[in-house]
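*Asks:* Can you read through this structure? Questions will come right after.
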Amino acid sequence: RVEVIGQELRQLAEGAQPLLEEAARIIDVAAHAYEIYLKQPDPFERRKLIDIFVSRVVISRDSVLSNLREPFLTLSKVARRAG
């Protein structure tokens, strides 16, 4: 029984590796989004980058509102809770 549990834990760990790598890439993109944005020479490319992060942007006279897309919405909530 212990061997079976050990084998199942190893399989879970191996299966989680691609998910952890994807999460690390997402966090890296989020952390460097502004620098990536500035490096885009073409306004169309900048817009495509923004579309990755937000689904809607509303600009009024004195504010900008946006709806973050997943997984960036969840990252934002976690960051706010972390302080």
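The way I read the labels, and the way they are meant: chains A, B, ... in the order of the structure tokens, residue 1 as the first residue of every chain, and ligand 1 as the first ligand shown, with later ones counted on from there.
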When you look at segment 29-45 of chain A with a cut-off of 12 Å (counting only C-alpha atoms), what residues show up, excluding the ones that are within fewer than 2 positions of it in the same chain? I need them as a list in words.
*Replies:*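 The neighbour list is Glu22, Ala23, Ala24, Arg25, Ile26, Ile27, Arg47, Lys48, Leu49, Ile50, Asp51, Ile52, Phe53, Val54, Leu68, Arg69, Glu70, Pro71, Phe72, Leu73, Thr74, Leu75, Ser76 and Ala79 of chain A.
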*Asks:* Mind giving me the straight-line distance from atom CA of Pro18 of chain A to atom CA of Ile5 of chain A in Å, one decimal?
*Replies:*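 It comes out at 21.4 Å.
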*Asks:* Please report, as a ChimeraX atom specification, each residue of chain A to which DSSP assigns strand (DSSP E or B) when run on this structure's backbone.
*Replies:* /A:54-59,64-68
*Asks:* Please measure the separation of atom CA of Ser55 of chain A and atom CA of Val78 of chain A, giving the value in Å to one decimal.
*Replies:*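 Atom CA of Val78 of chain A lies at a distance of 19.5 Å from atom CA of Ser55 of chain A.
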*Asks:* Residues of segment 2-81 of chain A classed as helix (DSSP H, G or I) by DSSP on the backbone are to be reported as a ChimeraX atom specification.
*Replies:* /A:2-31,33-39,43-53,72-81
*Asks:* So that I have them on file, write out the residues from the current selection with C-alpha atoms, as a CSV table (one decimal), in the first residue's frame.
*Replies:*
```csv
chain,number,residue,atom,x,y,z
A,2,VAL,CA,2.8,2.5,0.9
A,3,GLU,CA,4.5,1.7,-2.5
A,4,VAL,CA,1.3,2.4,-4.4
A,5,ILE,CA,0.9,5.7,-2.6
A,6,GLY,CA,4.5,6.6,-3.2
A,7,GLN,CA,4.1,5.8,-6.9
A,8,GLU,CA,0.9,7.9,-7.1
A,9,LEU,CA,2.7,10.9,-5.4
A,10,ARG,CA,5.6,10.6,-8.0
A,11,GLN,CA,3.1,10.6,-10.8
A,12,LEU,CA,1.3,13.7,-9.4
A,13,ALA,CA,4.6,15.5,-9.0
A,14,GLU,CA,5.6,14.7,-12.6
A,15,GLY,CA,2.3,15.8,-13.9
A,16,ALA,CA,2.5,19.0,-11.9
A,17,GLN,CA,5.8,20.0,-13.5
A,18,PRO,CA,4.4,21.4,-16.7
A,19,LEU,CA,1.7,23.3,-14.8
A,20,LEU,CA,4.4,24.8,-12.5
A,21,GLU,CA,6.5,25.8,-15.5
A,22,GLU,CA,3.5,27.5,-17.2
A,23,ALA,CA,2.7,29.3,-13.9
A,24,ALA,CA,6.3,30.6,-13.8
A,25,ARG,CA,6.0,31.9,-17.4
A,26,ILE,CA,2.8,33.7,-16.6
A,27,ILE,CA,4.2,35.3,-13.5
A,28,ASP,CA,7.3,36.3,-15.5
A,29,VAL,CA,5.2,38.0,-18.2
A,30,ALA,CA,3.1,39.8,-15.6
A,31,ALA,CA,6.2,41.0,-13.8
A,33,ALA,CA,4.7,43.5,-18.8
A,34,TYR,CA,5.6,47.2,-18.8
A,35,GLU,CA,9.1,46.6,-20.1
A,36,ILE,CA,7.7,44.2,-22.8
A,37,TYR,CA,5.2,46.9,-23.7
A,38,LEU,CA,7.8,49.6,-24.1
A,39,LYS,CA,9.9,47.4,-26.3
A,43,PRO,CA,1.2,50.3,-31.7
A,44,PHE,CA,-0.7,47.2,-33.0
A,45,GLU,CA,1.8,44.9,-31.2
A,46,ARG,CA,1.3,47.0,-28.0
A,47,ARG,CA,-2.4,46.6,-28.4
A,48,LYS,CA,-2.1,42.8,-28.7
A,49,LEU,CA,0.0,42.7,-25.5
A,50,ILE,CA,-2.7,44.7,-23.7
A,51,ASP,CA,-5.4,42.3,-25.0
A,52,ILE,CA,-3.5,39.4,-23.3
A,53,PHE,CA,-4.1,41.1,-19.9
A,72,PHE,CA,-3.9,37.8,-14.3
A,73,LEU,CA,-7.1,38.6,-12.3
A,74,THR,CA,-6.2,35.8,-9.8
A,75,LEU,CA,-2.6,37.0,-9.6
A,76,SER,CA,-3.8,40.5,-8.9
A,77,LYS,CA,-6.0,39.3,-6.0
A,78,VAL,CA,-3.2,37.2,-4.6
A,79,ALA,CA,-0.8,40.2,-4.7
A,80,ARG,CA,-3.4,42.4,-3.0
A,81,ARG,CA,-3.8,39.9,-0.2
```
